[in-house]
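input39.cif, holding mmCIF, C-alpha atoms:
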data_run
#
loop_
_atom_site.label_atom_id
_atom_site.label_comp_id
_atom_site.auth_asym_id
_atom_site.auth_seq_id
_atom_site.Cartn_x
_atom_site.Cartn_y
_atom_site.Cartn_z
CA MET A 30 0.00 0.00 0.00
CA ALA A 31 2.90 2.34 0.77
CA ARG A 32 4.26 1.76 -2.70
CA ILE A 33 0.96 2.80 -4.35
CA ARG A 34 0.93 6.06 -2.35
CA LYS A 35 4.52 6.78 -3.33
CA ILE A 36 3.72 6.33 -7.06
CA SER A 37 0.66 8.58 -6.74
CA VAL A 38 2.72 11.33 -5.10
CA VAL A 39 5.39 11.09 -7.82
CA MET A 40 2.71 11.29 -10.59
CA ALA A 41 1.02 14.27 -8.93
CA SER A 42 4.39 16.03 -8.59
CA ALA A 43 5.11 15.44 -12.29
CA ALA A 44 1.72 16.85 -13.27
CA ILE A 45 2.26 20.00 -11.19
CA ALA A 46 5.75 20.49 -12.66
CA ALA A 47 4.40 20.10 -16.20
CA SER A 48 1.72 22.72 -15.61
CA VAL A 49 4.26 25.17 -14.23
CA LEU A 50 6.61 24.68 -17.18
CA THR A 51 3.88 24.79 -19.87
CA PRO A 52 2.93 28.35 -20.86
CA VAL A 53 -0.76 29.14 -20.65
CA THR A 54 -2.27 31.08 -23.53
CA ALA A 55 -5.46 33.00 -22.96
CA VAL A 56 -7.70 34.64 -25.52
CA ALA A 57 -9.21 37.94 -24.57
CA ALA A 58 -12.91 38.46 -25.27
CA ASP A 59 -12.12 41.16 -27.86
CA ASP A 60 -9.80 38.80 -29.78
CA SER A 61 -12.50 36.14 -30.40
CA PRO A 62 -13.05 35.10 -34.01
CA ALA A 63 -15.76 36.83 -36.06
CA PRO A 64 -19.14 35.08 -36.29
CA ALA A 65 -19.44 32.53 -39.08
CA PRO A 66 -20.49 34.05 -42.40
CA ASP A 67 -23.91 33.22 -43.86
CA VAL A 68 -23.89 29.95 -45.77
CA CYS A 69 -26.28 31.13 -48.49
CA SER A 70 -24.69 31.84 -51.83
CA GLY A 71 -27.64 33.67 -53.32
CA GLY A 72 -29.27 33.01 -56.68
CA TRP A 73 -32.49 31.53 -58.00
CA ARG A 74 -33.84 28.51 -56.13
CA SER A 75 -36.80 26.17 -56.65
CA ASN A 76 -38.53 24.06 -54.03
CA VAL A 77 -41.51 21.69 -53.85
CA TYR A 78 -42.91 21.00 -50.38
CA GLY A 79 -46.01 20.08 -48.36
CA TYR A 80 -46.79 16.76 -50.05
CA LYS A 81 -50.24 15.33 -49.36
CA ALA A 82 -51.56 12.03 -50.73
CA THR A 83 -54.52 12.65 -53.03
CA HIS A 84 -56.54 11.03 -55.80
CA ILE A 85 -56.14 12.81 -59.14
CA GLY A 86 -59.32 11.91 -60.99
CA LYS A 87 -59.75 11.80 -64.74
CA GLY A 88 -62.93 11.33 -66.71
CA PRO A 89 -66.54 11.16 -65.58
CA VAL A 90 -67.82 10.86 -62.04
CA TYR A 91 -70.23 7.94 -61.78
CA LYS A 92 -73.19 8.32 -59.42
CA ASP A 93 -75.69 5.68 -58.28
CA GLY A 94 -78.31 5.33 -55.58
CA PRO A 95 -79.92 6.03 -53.27
CA GLY A 96 -78.74 2.90 -51.50
CA GLY A 97 -78.12 -0.40 -53.22
CA THR A 98 -74.96 -1.60 -54.91
CA MET A 99 -72.77 0.26 -57.36
CA VAL A 100 -71.02 -1.82 -60.01
CA ILE A 101 -68.78 -0.13 -62.58
CA THR A 102 -66.71 -1.73 -65.30
CA ARG A 103 -64.20 0.47 -67.11
CA THR A 104 -62.86 -0.68 -70.44
CA THR A 105 -61.37 2.52 -71.82
CA ALA A 106 -57.88 3.91 -72.09
CA GLU A 107 -57.07 7.09 -70.18
CA LYS A 108 -54.06 9.06 -69.12
CA VAL A 109 -53.48 11.77 -66.56
CA GLY A 110 -50.45 13.97 -66.17
CA SER A 111 -48.77 15.85 -63.39
CA SER A 112 -49.71 19.51 -63.48
CA ILE A 113 -48.65 22.85 -62.05
CA SER A 114 -50.81 25.85 -61.30
CA GLY A 115 -49.51 29.39 -61.19
CA THR A 116 -47.98 31.72 -63.70
CA ALA A 117 -44.25 30.94 -63.69
CA GLY A 118 -41.49 29.27 -61.83
CA VAL A 119 -41.18 25.50 -61.62
CA THR A 120 -41.47 22.91 -64.39
CA VAL A 121 -43.41 19.67 -64.16
CA ASP A 122 -40.13 17.77 -64.67
CA PHE A 123 -38.60 19.50 -61.62
CA ALA A 124 -41.68 18.82 -59.46
CA VAL A 125 -41.71 15.14 -60.45
CA SER A 126 -37.98 14.73 -59.74
CA GLN A 127 -38.43 16.33 -56.30
CA ALA A 128 -41.42 14.05 -55.58
CA LYS A 129 -39.37 11.00 -56.59
CA ALA A 130 -36.65 12.02 -54.14
CA GLU A 131 -38.87 13.06 -51.24
CA VAL A 132 -42.14 11.11 -51.42
CA SER A 133 -42.34 8.20 -53.84
CA ARG A 134 -40.10 6.66 -56.48
CA GLU A 135 -43.34 5.85 -58.31
CA SER A 136 -43.94 9.53 -59.16
CA VAL A 137 -44.11 10.13 -62.92
CA LYS A 138 -44.82 12.94 -65.37
CA GLU A 139 -47.76 11.07 -66.90
CA VAL A 140 -49.51 7.77 -66.31
CA SER A 141 -51.80 5.95 -68.71
CA TRP A 142 -53.92 2.88 -68.36
CA GLY A 143 -56.11 0.60 -70.36
CA THR A 144 -58.80 -0.28 -67.92
CA ASP A 145 -60.72 -3.45 -67.73
CA HIS A 146 -61.47 -2.81 -64.11
CA GLN A 147 -64.64 -3.71 -62.27
CA TYR A 148 -65.52 -1.91 -59.07
CA ARG A 149 -68.32 -3.01 -56.72
CA ARG A 150 -69.43 -1.08 -53.68
CA ASN A 151 -72.46 -1.23 -51.37
CA ILE A 152 -74.05 2.20 -50.94
CA THR A 153 -75.39 3.24 -47.54
CA SER A 154 -79.19 3.29 -47.44
CA GLY A 155 -80.57 6.73 -48.37
CA ARG A 156 -77.23 7.92 -49.79
CA TYR A 157 -75.73 8.21 -53.26
CA GLY A 158 -72.47 6.56 -54.18
CA ASN A 159 -69.96 8.45 -56.35
CA THR A 160 -66.79 7.15 -57.92
CA GLN A 161 -64.11 8.34 -60.33
CA TYR A 162 -61.07 6.63 -61.82
CA GLY A 163 -57.64 8.21 -61.58
CA SER A 164 -54.15 8.12 -60.10
CA TRP A 165 -53.31 7.90 -56.41
CA GLY A 166 -50.70 10.67 -56.40
CA HIS A 167 -49.73 13.70 -54.35
CA SER A 168 -50.54 17.37 -54.24
CA ALA A 169 -47.92 19.85 -53.07
CA THR A 170 -46.83 23.49 -53.25
CA TRP A 171 -44.00 24.74 -55.44
CA GLU A 172 -42.04 27.92 -55.03
CA LYS A 173 -39.37 29.74 -56.98
CA TYR A 174 -37.47 32.55 -55.30
CA TYR A 175 -34.28 34.54 -55.36
CA GLU A 176 -32.11 33.75 -52.34
CA LEU A 177 -30.18 36.73 -51.03
CA PRO A 178 -26.67 36.28 -49.52
CA ASN A 179 -28.23 36.74 -46.05
CA CYS A 180 -30.47 33.68 -46.74
CA ARG A 181 -33.69 35.68 -47.08
CA LYS A 182 -36.11 35.08 -49.96
CA SER A 183 -36.91 37.76 -52.52
CA GLN A 184 -39.15 37.80 -55.62
CA ARG A 185 -41.06 34.71 -54.45
CA THR A 186 -43.56 32.98 -56.77
CA SER A 187 -45.54 29.91 -55.79
CA GLY A 188 -48.38 27.67 -56.87
CA GLY A 189 -49.80 24.18 -56.64
CA VAL A 190 -48.62 20.95 -58.21
CA LYS A 191 -50.31 17.57 -58.65
CA VAL A 192 -47.92 14.68 -59.18
CA VAL A 193 -49.42 11.43 -60.45
CA ASN A 194 -48.19 7.97 -59.48
CA LYS A 195 -48.34 4.69 -61.36
CA ALA A 196 -50.96 3.44 -58.87
CA VAL A 197 -54.41 3.93 -60.41
CA GLY A 198 -57.92 3.00 -59.33
CA PHE A 199 -61.37 4.18 -58.27
CA ARG A 200 -62.01 6.72 -55.54
CA TYR A 201 -65.39 6.35 -53.80
CA TRP A 202 -67.41 8.82 -51.72
CA GLU A 203 -71.02 9.24 -50.66
CA THR A 204 -73.37 12.23 -50.76
CA ARG A 205 -76.90 12.94 -49.57
CA SER A 206 -78.15 13.92 -53.01
#

Written form, structure tokens:
Amino acid sequence: MARIRKISVVMASAAIAASVLTPVTAVAADDSPAPAPDVCSGGWRSNVYGYKATHIGKGPVYKDGPGGTMVITRTTAEKVGSSISGTAGVTVDFAVSQAKAEVSRESVKEVSWGTDHQYRRNITSGRYGNTQYGSWGHSATWEKYYELPNCRKSQRTSGGVKVVNKAVGFRYWETRS
């Protein structure tokens, strides 16, 4: 036990001697480095955000009722494309590529189908059944803006975008009339 104490004292003495011999450098508060510069480089930017799953219908809305059973057989060819609303800014190709990266690899510019699809649905008594064929895609918001070097947005333009997916089928809903 005495040997362990002796080693501890020798190590502590060496540590004290090292701290005395090593110069200490201090930085005054006024000599601190400048804050980091903004990381924004400025320039035109495009963005698509706020994706929400939605059915993008194409063609007629079929209505049946009140009550009973709705049976629909589609045997036509249709296509539906991704679209953008607004006056300027983002292309459909850009919106689809963003959707592929952020939401679904199944996102496409246009989807077509040759339907031989039968849909059967019981309608609630006293209600009307409605259905429409289309793509199960996404709606979102697009924006184009000029990014200033301080990261603020200037000259912002925005609008809506509907991006279709390869998944297609009927959407069903009921109404009172």

If you apply the PyMOL selection byres ((chain A and resi 170) around 8) to this file, what residues do you get, as a PDB file with C-alpha atoms, keeping the file's coordinate frame?
ATOM      1  CA  VAL A  77     -41.510  21.690 -53.850  1.00  0.00           C
ATOM      2  CA  TYR A  78     -42.910  21.000 -50.380  1.00  0.00           C
ATOM      3  CA  GLY A  79     -46.010  20.080 -48.360  1.00  0.00           C
ATOM      4  CA  TYR A  80     -46.790  16.760 -50.050  1.00  0.00           C
ATOM      5  CA  SER A 168     -50.540  17.370 -54.240  1.00  0.00           C
ATOM      6  CA  ALA A 169     -47.920  19.850 -53.070  1.00  0.00           C
ATOM      7  CA  TRP A 171     -44.000  24.740 -55.440  1.00  0.00           C
ATOM      8  CA  GLU A 172     -42.040  27.920 -55.030  1.00  0.00           C
ATOM      9  CA  SER A 187     -45.540  29.910 -55.790  1.00  0.00           C
ATOM     10  CA  GLY A 188     -48.380  27.670 -56.870  1.00  0.00           C
ATOM     11  CA  GLY A 189     -49.800  24.180 -56.640  1.00  0.00           C
ATOM     12  CA  VAL A 190     -48.620  20.950 -58.210  1.00  0.00           C
TER      13      VAL A 190
END

- Of the candidates A:Gln127, A:Ser141, A:Ser70, A:Thr153, which shows the shortest atom-to-atom distance to Glu107 in chain A, using all atoms listed in the file?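 Closest residue, counting all atoms listed in the file: A:Ser141.
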
- Task: Using all atoms listed in the file, find the one residue out of A:Glu176, A:Asp93, A:Glu135, A:Asp145 that sits nearest to Gly71 in chain A.
- Result: A:Glu176

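Checking A:Gln184, A:Ser206, A:Asn194, A:Ser111 one by one against Arg74 in chain A, counting only C-alpha atoms, you find the shortest gap at A:Gln184.
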
- the PyMOL selection byres ((chain A and resi 143) around 12) on the file shown: which residues, as a list in words?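 Selected by the PyMOL selection byres ((chain A and resi 143) around 12) here: Thr102, Arg103, Thr104, Thr105, Ala106, Glu107, Lys108, Val140, Ser141, Trp142, Thr144, Asp145, His146, Tyr162, Gly163, Val197 and Gly198 of chain A.
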
- Task: Could you list the residues chosen by the PyMOL selection byres ((chain A and resi 173) around 6) in this structure as a list in words?
- Result: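 Here the PyMOL selection byres ((chain A and resi 173) around 6) matches Arg74, Ser75, Gly118, Glu172, Tyr174, Arg185 and Thr186 of chain A.
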
Written file, previous selection with C-alpha atoms, as a PDB file, in the coordinates of the input:
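Written out: result38.pdb:
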ATOM      1  CA  ARG A  74     -33.840  28.510 -56.130  1.00  0.00           C
ATOM      2  CA  SER A  75     -36.800  26.170 -56.650  1.00  0.00           C
ATOM      3  CA  GLY A 118     -41.490  29.270 -61.830  1.00  0.00           C
ATOM      4  CA  GLU A 172     -42.040  27.920 -55.030  1.00  0.00           C
ATOM      5  CA  TYR A 174     -37.470  32.550 -55.300  1.00  0.00           C
ATOM      6  CA  ARG A 185     -41.060  34.710 -54.450  1.00  0.00           C
ATOM      7  CA  THR A 186     -43.560  32.980 -56.770  1.00  0.00           C
TER       8      THR A 186
END

- Task: Name the closest residue to Ala128 in chain A among the candidates A:Arg156, A:His167, A:Arg200, A:Lys195; distances are taken between atoms, counting all atoms listed in the file.
- Result: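 Looking only at the distances to Ala128 in chain A, the closest residue turns out to be A:His167.
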
- Which one of A:Gly110, A:Gly115, A:Gly94, A:Pro178 sits closest to Arg150 in chain A if you count all atoms listed in the file? A:Gly94

- Message: Ranking A:Ser136, A:Asn179, A:Ser154, A:Thr98 by minimum distance to Asp122 in chain A and counting only C-alpha atoms, which one comes first?
- Response: A:Ser136

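Here CA of Ser164 in chain A and CA of Thr204 in chain A stand 21.8 Å from one another.
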
- Message: Report, in Å to a single decimal, how far apart CA of Cys180 in chain A and CA of Val68 in chain A are.
- Response: 7.6 Å

- Task: Tell me, in Å to one decimal, how far CA of Lys191 in chain A is from CA of Pro89 in chain A.
- Result: 18.8 Å
